[in-house]
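Undergrad: What follows is protein-v2.cif, mmCIF, C-alpha atoms.
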data_structure
loop_
_atom_site.label_atom_id
_atom_site.label_comp_id
_atom_site.auth_asym_id
_atom_site.auth_seq_id
_atom_site.Cartn_x
_atom_site.Cartn_y
_atom_site.Cartn_z
CA MET A 19 -23.30 -20.10 -16.04
CA GLN A 20 -19.66 -20.20 -14.93
CA PRO A 21 -17.47 -17.34 -13.69
CA SER A 22 -15.27 -15.75 -16.34
CA ALA A 23 -11.72 -16.86 -17.02
CA ALA A 24 -10.53 -13.40 -15.90
CA LEU A 25 -12.18 -13.87 -12.51
CA GLY A 26 -10.49 -17.24 -12.18
CA ARG A 27 -7.10 -15.56 -12.45
CA ILE A 28 -7.52 -13.71 -9.14
CA SER A 29 -8.11 -14.58 -5.49
CA PRO A 30 -10.00 -12.68 -2.77
CA SER A 31 -7.81 -10.15 -0.93
CA PRO A 32 -6.16 -11.95 2.02
CA THR A 33 -5.91 -8.75 4.05
CA LEU A 34 -9.61 -7.96 3.63
CA ALA A 35 -10.43 -11.59 4.48
CA ILE A 36 -8.55 -11.26 7.78
CA THR A 37 -10.33 -7.99 8.55
CA SER A 38 -13.72 -9.60 7.90
CA ARG A 39 -12.82 -12.57 10.11
CA VAL A 40 -11.82 -10.26 12.97
CA MET A 41 -15.12 -8.39 12.66
CA GLU A 42 -17.04 -11.67 12.80
CA LEU A 43 -15.18 -12.79 15.91
CA LYS A 44 -15.74 -9.46 17.66
CA ARG A 45 -19.45 -9.61 16.87
CA ALA A 46 -19.45 -13.06 18.46
CA GLY A 47 -17.92 -11.60 21.62
CA VAL A 48 -14.40 -12.98 21.13
CA ASP A 49 -11.61 -10.89 22.65
CA VAL A 50 -9.54 -10.74 19.47
CA ILE A 51 -6.97 -8.07 18.62
CA GLY A 52 -6.86 -7.32 14.90
CA LEU A 53 -3.47 -6.34 13.52
CA GLY A 54 -4.28 -7.22 9.94
CA ALA A 55 -5.95 -4.10 8.57
CA GLY A 56 -3.93 -1.44 6.77
CA GLU A 57 -5.98 1.35 8.26
CA PRO A 58 -4.99 4.19 10.61
CA ASP A 59 -6.88 4.20 13.89
CA PHE A 60 -6.86 8.01 13.87
CA ASP A 61 -10.02 9.80 12.79
CA THR A 62 -10.32 11.86 9.62
CA PRO A 63 -9.27 15.44 10.55
CA ASP A 64 -12.16 17.68 11.57
CA PHE A 65 -11.44 20.29 8.88
CA VAL A 66 -11.78 17.58 6.24
CA LYS A 67 -15.08 16.36 7.66
CA GLU A 68 -16.39 19.93 7.79
CA ALA A 69 -15.51 20.41 4.12
CA ALA A 70 -17.57 17.34 3.26
CA ILE A 71 -20.52 18.56 5.31
CA GLN A 72 -20.33 21.95 3.63
CA ALA A 73 -20.22 20.28 0.22
CA ILE A 74 -23.46 18.48 1.03
CA ARG A 75 -25.06 21.72 2.17
CA ASP A 76 -23.91 23.42 -1.02
CA GLY A 77 -25.54 20.73 -3.13
CA LYS A 78 -22.29 19.22 -4.44
CA THR A 79 -23.97 15.85 -4.70
CA LYS A 80 -24.21 15.50 -8.48
CA TYR A 81 -22.07 13.80 -11.09
CA THR A 82 -18.64 15.35 -11.59
CA ASN A 83 -16.08 15.03 -14.36
CA VAL A 84 -15.40 11.32 -14.70
CA ASP A 85 -11.80 11.55 -13.43
CA GLY A 86 -12.08 14.34 -10.90
CA THR A 87 -13.37 17.85 -10.27
CA PRO A 88 -11.27 20.81 -11.47
CA GLU A 89 -10.87 21.88 -7.83
CA LEU A 90 -9.48 18.53 -6.73
CA LYS A 91 -7.20 18.25 -9.75
CA ALA A 92 -5.83 21.70 -8.95
CA ALA A 93 -5.23 20.62 -5.34
CA ILE A 94 -3.45 17.46 -6.52
CA ALA A 95 -1.28 19.45 -8.93
CA ALA A 96 -0.36 21.81 -6.09
CA LYS A 97 0.47 18.86 -3.83
CA PHE A 98 2.75 17.27 -6.45
CA ALA A 99 4.56 20.60 -6.90
CA ARG A 100 4.80 21.32 -3.16
CA ASP A 101 5.85 17.88 -1.93
CA ASN A 102 7.57 16.27 -4.91
CA GLY A 103 8.77 19.02 -7.23
CA LEU A 104 6.65 17.54 -10.03
CA THR A 105 4.58 19.58 -12.46
CA TYR A 106 1.33 18.09 -13.75
CA LYS A 107 -1.47 19.83 -15.62
CA ALA A 108 -5.15 18.90 -15.29
CA ASP A 109 -5.00 16.56 -18.29
CA GLN A 110 -2.14 14.69 -16.56
CA ILE A 111 -4.10 13.92 -13.38
CA SER A 112 -6.54 11.10 -12.72
CA VAL A 113 -8.78 10.82 -9.64
CA ASN A 114 -9.98 7.33 -8.82
CA VAL A 115 -11.94 5.37 -6.22
CA GLY A 116 -8.89 4.67 -4.05
CA GLY A 117 -5.35 3.64 -4.90
CA LYS A 118 -6.43 0.09 -5.73
CA HIS A 119 -8.71 1.53 -8.40
CA THR A 120 -5.79 3.52 -9.82
CA LEU A 121 -3.77 0.31 -10.06
CA PHE A 122 -6.65 -1.55 -11.68
CA ASN A 123 -7.30 1.21 -14.21
CA ALA A 124 -3.65 1.58 -15.16
CA MET A 125 -3.06 -2.14 -15.65
CA VAL A 126 -6.31 -2.87 -17.52
CA ALA A 127 -5.82 0.20 -19.73
CA THR A 128 -2.30 -0.78 -20.81
CA ILE A 129 -1.68 -4.52 -20.52
CA ASP A 130 -2.16 -6.98 -23.37
CA ALA A 131 -2.07 -10.75 -22.94
CA GLY A 132 1.44 -11.88 -22.04
CA ASP A 133 2.80 -8.48 -21.04
CA GLU A 134 5.05 -8.71 -18.00
CA VAL A 135 5.06 -6.58 -14.85
CA VAL A 136 8.06 -6.67 -12.50
CA ILE A 137 6.93 -6.80 -8.87
CA PRO A 138 9.39 -6.91 -5.95
CA ALA A 139 8.43 -9.33 -3.17
CA PRO A 140 7.22 -8.81 -0.50
CA TYR A 141 4.48 -6.95 -2.36
CA TRP A 142 1.06 -5.48 -1.68
CA VAL A 143 -1.37 -8.34 -2.18
CA SER A 144 -3.28 -6.69 -5.03
CA TYR A 145 -0.37 -6.13 -7.42
CA PRO A 146 -0.05 -9.62 -8.95
CA ASP A 147 -3.79 -10.33 -8.94
CA VAL A 148 -4.67 -7.14 -10.81
CA VAL A 149 -1.90 -7.81 -13.35
CA GLN A 150 -3.24 -11.33 -13.88
CA PHE A 151 -6.82 -10.09 -14.21
CA ALA A 152 -5.64 -7.78 -16.99
CA GLY A 153 -4.05 -10.73 -18.79
CA GLY A 154 -0.49 -9.88 -17.80
CA VAL A 155 2.23 -11.94 -16.18
CA PRO A 156 3.60 -10.92 -12.78
CA VAL A 157 7.38 -11.32 -12.66
CA ILE A 158 8.12 -11.66 -8.97
CA VAL A 159 11.61 -10.61 -7.87
CA LYS A 160 12.67 -11.51 -4.35
CA ALA A 161 13.74 -8.55 -2.23
CA GLY A 162 14.30 -10.16 1.13
CA PRO A 163 15.61 -8.93 4.47
CA GLU A 164 19.21 -9.31 3.29
CA GLN A 165 18.46 -6.51 0.77
CA GLY A 166 16.52 -4.47 3.32
CA TYR A 167 13.33 -5.63 1.58
CA LYS A 168 14.26 -3.45 -1.42
CA LEU A 169 14.78 -4.27 -5.09
CA THR A 170 18.40 -4.05 -6.24
CA PRO A 171 19.43 -2.64 -9.64
CA GLU A 172 21.04 -5.98 -10.54
CA ALA A 173 17.88 -7.96 -9.77
CA LEU A 174 15.75 -5.46 -11.67
CA ASP A 175 17.99 -5.60 -14.74
CA ALA A 176 17.87 -9.39 -14.75
CA ALA A 177 14.05 -9.38 -14.56
CA ILE A 178 13.39 -7.06 -17.50
CA THR A 179 12.63 -8.70 -20.85
CA PRO A 180 11.25 -7.42 -24.18
CA LYS A 181 7.79 -8.26 -22.78
CA THR A 182 8.12 -6.05 -19.69
CA LYS A 183 5.48 -3.33 -19.62
CA TRP A 184 5.71 -2.00 -16.05
CA VAL A 185 7.90 -2.03 -12.95
CA ILE A 186 5.99 -1.46 -9.70
CA LEU A 187 7.83 0.42 -6.96
CA ASN A 188 6.17 0.96 -3.58
CA SER A 189 7.93 3.20 -1.05
CA PRO A 190 7.48 3.17 1.88
CA SER A 191 6.33 -0.38 1.36
CA ASN A 192 3.23 -2.28 2.24
CA PRO A 193 3.94 -4.82 3.82
CA THR A 194 7.47 -4.14 5.10
CA GLY A 195 7.65 -0.38 5.65
CA ALA A 196 10.95 -0.29 3.74
CA GLY A 197 11.68 3.02 2.02
CA TYR A 198 13.92 3.72 -0.98
CA THR A 199 16.37 6.59 -0.64
CA ALA A 200 16.83 9.06 -3.50
CA ASP A 201 20.13 7.39 -4.41
CA GLU A 202 18.53 3.94 -4.45
CA LEU A 203 15.77 5.21 -6.73
CA LYS A 204 18.34 6.82 -9.03
CA ALA A 205 20.16 3.50 -9.33
CA LEU A 206 16.93 1.73 -10.27
CA GLY A 207 16.10 4.55 -12.66
CA GLU A 208 19.42 4.08 -14.47
CA VAL A 209 18.43 0.49 -15.19
CA ILE A 210 14.96 1.43 -16.44
CA LEU A 211 16.40 4.16 -18.68
CA LYS A 212 18.23 1.43 -20.60
CA HIS A 213 14.85 -0.12 -21.51
CA PRO A 214 12.68 2.51 -23.24
CA HIS A 215 9.65 0.18 -23.41
CA VAL A 216 9.38 -0.08 -19.60
CA TRP A 217 7.14 2.17 -17.50
CA VAL A 218 7.15 2.76 -13.73
CA PHE A 219 4.12 2.54 -11.46
CA ALA A 220 5.30 4.54 -8.42
CA ASP A 221 3.03 3.74 -5.49
CA ASP A 222 3.66 6.55 -2.97
CA MET A 223 0.62 5.92 -0.77
CA TYR A 224 2.65 6.04 2.47
CA GLU A 225 4.71 9.09 1.47
CA HIS A 226 3.92 11.11 4.59
CA ILE A 227 4.34 8.29 7.12
CA VAL A 228 8.13 8.14 7.60
CA TYR A 229 10.46 8.05 10.59
CA ASP A 230 13.96 8.75 11.93
CA GLY A 231 14.61 11.59 9.50
CA PHE A 232 14.01 9.44 6.41
CA ARG A 233 13.58 11.73 3.40
CA PHE A 234 10.90 10.54 1.02
CA ALA A 235 11.59 10.69 -2.72
CA THR A 236 9.71 9.45 -5.77
CA ILE A 237 11.32 8.22 -8.96
CA ALA A 238 10.04 10.86 -11.39
CA GLN A 239 11.46 13.46 -9.02
CA VAL A 240 14.97 12.01 -8.79
CA CYS A 241 15.06 10.69 -12.38
CA PRO A 242 13.46 13.45 -14.48
CA GLU A 243 14.27 11.46 -17.63
CA LEU A 244 11.62 8.96 -16.51
CA TYR A 245 8.92 11.60 -15.96
CA GLU A 246 7.13 10.73 -19.22
CA ARG A 247 7.24 7.00 -18.39
CA THR A 248 6.10 7.19 -14.77
CA LEU A 249 2.64 7.07 -13.26
CA THR A 250 3.05 8.71 -9.85
CA VAL A 251 0.32 7.32 -7.61
CA ASN A 252 -0.92 8.52 -4.24
CA GLY A 253 -4.12 8.99 -2.28
CA CYS A 254 -5.80 10.28 0.85
CA SER A 255 -6.47 6.98 2.61
CA LYS A 256 -3.40 6.53 4.80
CA ALA A 257 -1.88 9.90 5.73
CA TYR A 258 -5.24 11.61 6.08
CA ALA A 259 -7.04 8.64 7.69
CA MET A 260 -9.60 8.62 4.88
CA THR A 261 -9.70 4.92 3.99
CA GLY A 262 -13.48 4.83 3.68
CA TRP A 263 -13.69 7.98 1.57
CA ARG A 264 -12.04 6.12 -1.35
CA ILE A 265 -9.95 8.75 -3.12
CA GLY A 266 -6.79 7.80 -4.99
CA TYR A 267 -5.05 9.82 -7.65
CA ALA A 268 -2.17 9.77 -10.10
CA GLY A 269 -0.07 12.02 -12.31
CA GLY A 270 1.21 10.83 -15.66
CA ALA A 271 1.32 11.16 -19.41
CA PRO A 272 -1.81 12.75 -20.94
CA TRP A 273 -2.50 9.76 -23.23
CA LEU A 274 -2.42 7.38 -20.26
CA ILE A 275 -4.62 9.62 -18.13
CA LYS A 276 -7.09 9.81 -21.03
CA ALA A 277 -7.06 6.02 -21.38
CA ILE A 278 -7.74 5.60 -17.68
CA ALA A 279 -10.64 8.08 -17.90
CA LYS A 280 -12.09 6.13 -20.84
CA LEU A 281 -12.04 2.92 -18.81
CA GLN A 282 -13.43 4.64 -15.73
CA SER A 283 -16.27 6.15 -17.77
CA GLN A 284 -17.54 2.64 -18.43
CA SER A 285 -16.96 1.26 -14.92
CA THR A 286 -17.35 3.40 -11.80
CA SER A 287 -17.69 6.82 -13.45
CA ASN A 288 -16.65 9.65 -11.11
CA PRO A 289 -15.52 9.14 -7.51
CA CYS A 290 -18.00 10.33 -4.88
CA SER A 291 -18.50 14.08 -5.23
CA VAL A 292 -18.56 14.68 -1.48
CA ALA A 293 -15.39 12.63 -0.97
CA GLN A 294 -13.71 14.73 -3.66
CA ALA A 295 -14.59 17.91 -1.78
CA ALA A 296 -13.14 16.38 1.38
CA ALA A 297 -9.97 15.35 -0.44
CA THR A 298 -9.56 18.87 -1.81
CA ALA A 299 -9.63 20.21 1.74
CA ALA A 300 -7.22 17.52 2.95
CA LEU A 301 -4.60 18.34 0.32
CA THR A 302 -4.89 22.12 0.63
CA GLY A 303 -5.43 22.48 4.39
CA ASP A 304 -3.11 22.61 7.39
CA GLN A 305 -0.68 19.69 7.16
CA SER A 306 0.82 20.03 10.67
CA PHE A 307 -1.19 17.12 12.08
CA LEU A 308 0.82 14.72 9.89
CA ALA A 309 3.97 15.20 11.97
CA GLU A 310 2.04 14.78 15.21
CA ARG A 311 0.54 11.48 14.08
CA ASN A 312 3.91 10.25 12.81
CA LEU A 313 5.35 10.66 16.30
CA ALA A 314 2.62 8.41 17.65
CA PHE A 315 3.20 5.85 14.88
CA GLN A 316 6.95 5.89 15.52
CA ALA A 317 6.52 5.20 19.22
CA ARG A 318 4.24 2.28 18.40
CA ARG A 319 6.71 0.98 15.82
CA ASP A 320 9.55 1.05 18.33
CA MET A 321 7.54 -0.81 20.95
CA VAL A 322 6.37 -3.52 18.53
CA VAL A 323 9.83 -4.04 17.03
CA SER A 324 11.35 -4.36 20.49
CA MET A 325 8.77 -6.81 21.79
CA LEU A 326 8.86 -9.02 18.67
CA ASN A 327 12.65 -9.10 18.61
CA ALA A 328 12.55 -10.37 22.19
CA ILE A 329 10.96 -13.60 20.91
CA ASP A 330 13.40 -16.46 20.38
CA GLY A 331 13.26 -17.40 16.69
CA MET A 332 11.71 -14.15 15.43
CA THR A 333 13.55 -11.31 13.67
CA CYS A 334 11.81 -7.98 13.11
CA PRO A 335 13.61 -5.27 11.10
CA THR A 336 12.91 -1.61 11.90
CA PRO A 337 11.01 -0.05 8.98
CA GLU A 338 11.59 3.44 7.58
CA GLY A 339 7.91 4.21 7.07
CA ALA A 340 4.26 3.11 6.72
CA PHE A 341 2.68 1.41 9.77
CA TYR A 342 3.65 -2.22 9.31
CA VAL A 343 6.36 -4.56 10.50
CA TYR A 344 7.28 -7.75 8.67
CA PRO A 345 8.96 -10.14 11.12
CA SER A 346 10.43 -13.40 9.86
CA PHE A 347 10.42 -16.58 11.94
CA ALA A 348 12.02 -19.47 10.03
CA PRO A 349 13.26 -21.12 13.28
CA LEU A 350 9.63 -21.53 14.43
CA ILE A 351 8.58 -23.51 11.35
CA GLY A 352 8.53 -27.20 12.20
CA LYS A 353 7.54 -26.70 15.81
CA SER A 354 4.22 -27.85 17.29
CA THR A 355 1.49 -26.07 19.22
CA PRO A 356 0.52 -27.14 22.75
CA SER A 357 -2.33 -29.14 21.18
CA GLY A 358 0.11 -30.96 18.90
CA ARG A 359 -0.63 -29.13 15.65
CA LEU A 360 2.41 -28.78 13.38
CA ILE A 361 3.48 -25.27 12.38
CA ASP A 362 4.54 -26.10 8.83
CA SER A 363 4.02 -22.67 7.20
CA ASP A 364 3.51 -19.03 8.06
CA GLU A 365 -0.19 -19.53 7.29
CA ALA A 366 -0.29 -22.20 10.01
CA PHE A 367 1.56 -19.87 12.35
CA VAL A 368 -0.86 -16.95 11.97
CA GLY A 369 -3.73 -19.43 12.25
CA TYR A 370 -2.27 -20.54 15.59
CA LEU A 371 -2.00 -16.93 16.75
CA LEU A 372 -5.62 -16.29 15.84
CA ASP A 373 -6.97 -19.50 17.40
CA ASP A 374 -4.87 -19.63 20.56
CA ALA A 375 -3.63 -16.08 21.21
CA LYS A 376 -6.61 -14.27 19.67
CA VAL A 377 -4.30 -12.02 17.64
CA ALA A 378 -4.91 -11.55 13.91
CA ALA A 379 -1.99 -10.97 11.54
CA VAL A 380 -1.51 -11.73 7.82
CA GLN A 381 0.74 -14.54 6.63
CA GLY A 382 3.81 -13.69 4.58
CA ALA A 383 2.68 -16.03 1.80
CA ALA A 384 0.01 -13.46 0.92
CA PHE A 385 2.80 -10.98 0.16
CA GLY A 386 5.05 -13.37 -1.71
CA LEU A 387 7.81 -13.94 0.86
CA SER A 388 7.73 -16.56 3.62
CA PRO A 389 8.05 -17.44 6.44
CA ALA A 390 6.94 -14.12 7.84
CA MET A 391 3.85 -12.15 8.74
CA ARG A 392 2.62 -8.59 8.41
CA ILE A 393 1.54 -6.79 11.54
CA SER A 394 -0.13 -3.38 11.38
CA TYR A 395 0.66 -1.15 14.35
CA ALA A 396 -2.03 1.37 13.44
CA THR A 397 -3.89 0.80 16.67
CA SER A 398 -3.62 1.91 20.31
CA ASP A 399 -0.49 1.48 22.41
CA ALA A 400 -2.42 -0.59 24.95
CA LEU A 401 -3.77 -3.02 22.35
CA LEU A 402 -0.37 -3.33 20.69
CA ARG A 403 1.34 -4.11 23.98
CA GLU A 404 -1.29 -6.70 24.83
CA ALA A 405 -1.10 -8.24 21.34
CA CYS A 406 2.70 -8.52 21.45
CA THR A 407 2.53 -10.03 24.92
CA ARG A 408 0.09 -12.64 23.61
CA ILE A 409 2.40 -13.39 20.66
CA GLN A 410 5.35 -13.78 23.03
CA THR A 411 3.37 -16.21 25.17
CA ALA A 412 2.16 -18.19 22.16
CA CYS A 413 5.67 -18.50 20.73
CA ALA A 414 7.11 -19.59 24.07
CA ALA A 415 4.49 -22.37 24.21
CA LEU A 416 5.65 -23.93 20.91
CA LYS A 417 7.49 -27.24 21.23
#
What would the structure in this file look like if it were written as structure tokens?
TA:
Amino acid sequence: MQPSAALGRISPSPTLAITSRVMELKRAGVDVIGLGAGEPDFDTPDFVKEAAIQAIRDGKTKYTNVDGTPELKAAIAAKFARDNGLTYKADQISVNVGGKHTLFNAMVATIDAGDEVVIPAPYWVSYPDVVQFAGGVPVIVKAGPEQGYKLTPEALDAAITPKTKWVILNSPSNPTGAGYTADELKALGEVILKHPHVWVFADDMYEHIVYDGFRFATIAQVCPELYERTLTVNGCSKAYAMTGWRIGYAGGAPWLIKAIAKLQSQSTSNPCSVAQAAATAALTGDQSFLAERNLAFQARRDMVVSMLNAIDGMTCPTPEGAFYVYPSFAPLIGKSTPSGRLIDSDEAFVGYLLDDAKVAAVQGAAFGLSPAMRISYATSDALLREACTRIQTACAALK
């Protein structure tokens, strides 16, 4: 028996591969610093953990509605109203097993063979693979550092064809941390409004992790005319440090939410009941800890950006949000390591960092824009300082 053609259209997640490699090295006793995982180092808030424990004690360990409990859907609706000025009823909300599951469900439920999905690059690694698994065609549009790593209205307009089904917008971005302002989203929305067959997948997973007074906005909020054609996606993983709890959610048109529930009923069924109780507490509880954690993230960001920009041949923009930086290093391509190995790609560069400096990052090729790398600064100040010092030393040793 051979693997299916659909499976052949995707590759293993590069970011998860790096994380697994770091774990293997640590188990072997190697002093490696992992900066590849998109995971906060903070713990899940205590009040969220207590809600989960109470749910277990109360016997909330049975099947739930396939796409979310009424309590969690109510909490999500309240969050959308409170934070985004968006009104969604229960039949407009889907709860899934993480944001990646929301993406998978939405694409598989709507894409036919040959349908196109516009994806700005750099992009989260799963976007093109999931589109391809569903039989669609990723249309990659470069959004490089000269555009602030953001899609322009002109580039978007040029990418849309009669076959376009979705445009994916991620703000703040994984992997760059770039955030779209309300005006920038309005300009993109004006383009999409000209094409009534195009829908928007608004990935807002890093909504609450923003810096320097940046004001988060989402496209259905600033372009109400696109409300019916937007799936507004979010989750508990990043802001609430609940990556392992696996709760993502979305608000959208009732027919689409129903289609997603139909697919989910024949795949995972409901998300974990205990995790749903925890997510309900997270969304409805005291949100003050978010600002406190953002201050810590911002300090880490500033340190990493400063130390990477001190490297000759490396340029690291300052991101508006998330907990990643995406430095480019074209002048370093073509150099050789102390052992004589040629650095001919960003994959070779991050391989050199892992082998010689014992620092793990993810190559820009995984995100569709090279030569660069993604570094997550969601770890301690001490480890970040040590990692950046090692990167500085490794770069200085190139010939």
Undergrad: So what do you get for CA of Thr128 in chain A versus CA of Thr179 in chain A, distance-wise?
TA: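 Distance reported for this atom pair: 16.9 Å.
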Undergrad: Report as a list in words all protein, DNA and RNA residues lying within 10 Å of Ile409 in chain A, evaluated on only C-alpha atoms, omitting residues in the same chain fewer than 5 positions from it.
TA: Met325, Leu326, Ile329, Val368, Tyr370, Leu371, Leu372, Asp374, Ala375, Lys376, Val377, Arg403, Glu404, Ala414 and Ala415 of chain A
Undergrad: Residues near Gly154 in chain A, anyone? I mean within 6 Å using all atoms listed in the file, not counting same-chain ones fewer than 5 positions away, as a list in words.
TA: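 Selected residues are Ala131, Gly132, Asp133, Glu134 and Val149 of chain A.
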Undergrad: Identify which of the residues A:Pro289, A:Ala108, A:Glu225, A:Asp64 lies closest to Val84 in chain A, counting all atoms listed in the file when measuring atom-to-atom distances.
TA: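 For Val84 in chain A, the nearest of the given residues is A:Pro289.
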Undergrad: Which of these residues is nearest to Lys280 in chain A, using all atoms listed in the file: A:His215, A:Leu206, A:Trp142, A:Asn123?
TA: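 Of all the options, A:Asn123 lies closest to Lys280 in chain A.
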Undergrad: Counting all atoms listed in the file, give me one row per residue of range 19-75 of chain A with an atom at most 8 Å from an atom of range 247-265 of chain A, showing the shortest contact pair and its distance in Å to one decimal, sorted by chain then residue number, as CSV.
TA:
residue,atom,partner,partner_atom,distance
A:Glu57,CA,A:Thr261,CA,6.7
A:Pro58,CA,A:Ala259,CA,5.7
A:Asp59,CA,A:Ala259,CA,7.6
A:Phe60,CA,A:Ala259,CA,6.2
A:Asp61,CA,A:Ala259,CA,6.0
A:Thr62,CA,A:Ala259,CA,5.0
A:Pro63,CA,A:Tyr258,CA,7.1
Undergrad: Taking into account all atoms listed in the file, which residue in the set A:Asp130, A:Glu42, A:Glu310, A:Glu208 is nearest to Lys183 in chain A?
TA: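 Nearest candidate to Lys183 in chain A out of A:Asp130, A:Glu42, A:Glu310, A:Glu208: A:Asp130.
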Undergrad: Can you pull out the residues contacting Trp217 in chain A? Cut-off 10 Å, using all atoms listed in the file, and skip same-chain residues under 4 positions away; I want them as a CSV table (one decimal) with C-alpha atoms, keeping the file's coordinate frame.
TA:
chain,number,residue,atom,x,y,z
A,135,VAL,CA,5.1,-6.6,-14.8
A,182,THR,CA,8.1,-6.0,-19.7
A,183,LYS,CA,5.5,-3.3,-19.6
A,184,TRP,CA,5.7,-2.0,-16.0
A,185,VAL,CA,7.9,-2.0,-13.0
A,186,ILE,CA,6.0,-1.5,-9.7
A,210,ILE,CA,15.0,1.4,-16.4
A,211,LEU,CA,16.4,4.2,-18.7
A,213,HIS,CA,14.8,-0.1,-21.5
A,244,LEU,CA,11.6,9.0,-16.5
A,245,TYR,CA,8.9,11.6,-16.0
A,246,GLU,CA,7.1,10.7,-19.2
A,247,ARG,CA,7.2,7.0,-18.4
A,248,THR,CA,6.1,7.2,-14.8
A,249,LEU,CA,2.6,7.1,-13.3
Undergrad: Could you check which of A:Thr194, A:Thr411, A:Ser285, A:Ser291 is closest to Tyr342 in chain A, using all atoms listed in the file?
TA: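 That would be A:Thr194, the residue with the smallest distance to Tyr342 in chain A.
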Undergrad: Could you tell me how far CA of Lys118 in chain A sits from CA of Pro21 in chain A, in Å to one decimal place?
TA: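 If I compute the distance from CA of Pro21 in chain A to CA of Lys118 in chain A, I get 22.1 Å.
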Undergrad: Ranking A:Ile227, A:Val40, A:Val159, A:Met332 by minimum distance to Ala396 in chain A and counting all atoms listed in the file, which one comes first?
TA: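 Once distances to Ala396 in chain A are computed over all atoms listed in the file, the minimum belongs to A:Ile227.
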Undergrad: Do you know which residues are at most 7 Å from Ala200 in chain A counting all atoms listed in the file, after dropping those on the same chain fewer than 4 positions away, and could you put them as a compact mmCIF listing (two decimals) with C-alpha atoms, in the coordinates of the input?
TA:
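Output below, filename out17.txt:
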# COMPACT_ATOMS: atom_id res chain seq x y z
CA LYS A 204 18.34 6.82 -9.03
CA ALA A 235 11.59 10.69 -2.72
CA VAL A 240 14.97 12.01 -8.79
Undergrad: Which is closer to Leu174 in chain A than all the others in A:Cys413, A:Val155, A:Ile36, A:Ala139, using only C-alpha atoms?
TA: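 Under the stated criterion, the closest residue is A:Ala139.
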Undergrad: Just the residues within 9 Å of Arg392 in chain A, please, counting only C-alpha atoms, with nothing from its chain fewer than 6 positions along; format it as a PDB file with C-alpha atoms, keeping the file's coordinate frame.
TA:
ATOM      1  CA  LEU A  53      -3.470  -6.340  13.520  1.00  0.00           C
ATOM      2  CA  GLY A  54      -4.280  -7.220   9.940  1.00  0.00           C
ATOM      3  CA  ASN A 192       3.230  -2.280   2.240  1.00  0.00           C
ATOM      4  CA  PRO A 193       3.940  -4.820   3.820  1.00  0.00           C
ATOM      5  CA  THR A 194       7.470  -4.140   5.100  1.00  0.00           C
ATOM      6  CA  TYR A 342       3.650  -2.220   9.310  1.00  0.00           C
ATOM      7  CA  VAL A 343       6.360  -4.560  10.500  1.00  0.00           C
ATOM      8  CA  TYR A 344       7.280  -7.750   8.670  1.00  0.00           C
ATOM      9  CA  PRO A 345       8.960 -10.140  11.120  1.00  0.00           C
ATOM     10  CA  ALA A 379      -1.990 -10.970  11.540  1.00  0.00           C
ATOM     11  CA  VAL A 380      -1.510 -11.730   7.820  1.00  0.00           C
ATOM     12  CA  GLN A 381       0.740 -14.540   6.630  1.00  0.00           C
ATOM     13  CA  GLY A 382       3.810 -13.690   4.580  1.00  0.00           C
ATOM     14  CA  PHE A 385       2.800 -10.980   0.160  1.00  0.00           C
TER      15      PHE A 385
END
Undergrad: Taking all listed atoms of range 312-316 of chain A, build the axis-aligned box, pad each of the six sides by 4 Å, then write its centre and edge lengths in Å to one decimal as lines of an AutoDock Vina configuration file.
TA:
center_x = 4.8
center_y = 8.3
center_z = 15.2
size_x = 12.3
size_y = 12.8
size_z = 12.8
Undergrad: Please return range 324-330 of chain A, rebuilt to N, CA, C and O atoms, as a compact mmCIF listing (two decimals), keeping the file's coordinate frame.
TA:
# COMPACT_ATOMS: atom_id res chain seq x y z
N SER A 324 10.63 -3.90 19.31
CA SER A 324 11.35 -4.36 20.49
C SER A 324 10.74 -5.63 21.06
O SER A 324 11.45 -6.60 21.39
N MET A 325 9.43 -5.66 21.18
CA MET A 325 8.77 -6.81 21.79
C MET A 325 8.84 -8.04 20.89
O MET A 325 8.98 -9.18 21.39
N LEU A 326 8.77 -7.87 19.58
CA LEU A 326 8.86 -9.02 18.67
C LEU A 326 10.28 -9.55 18.60
O LEU A 326 10.50 -10.76 18.53
N ASN A 327 11.25 -8.65 18.64
CA ASN A 327 12.65 -9.10 18.61
C ASN A 327 13.06 -9.81 19.90
O ASN A 327 14.09 -10.50 19.93
N ALA A 328 12.27 -9.66 20.94
CA ALA A 328 12.55 -10.37 22.19
C ALA A 328 12.13 -11.84 22.12
O ALA A 328 12.45 -12.61 23.03
N ILE A 329 11.43 -12.22 21.06
CA ILE A 329 10.96 -13.60 20.91
C ILE A 329 12.07 -14.44 20.28
O ILE A 329 12.62 -14.09 19.24
N ASP A 330 12.39 -15.55 20.90
CA ASP A 330 13.40 -16.46 20.38
C ASP A 330 12.90 -17.07 19.07
O ASP A 330 11.83 -17.68 19.03
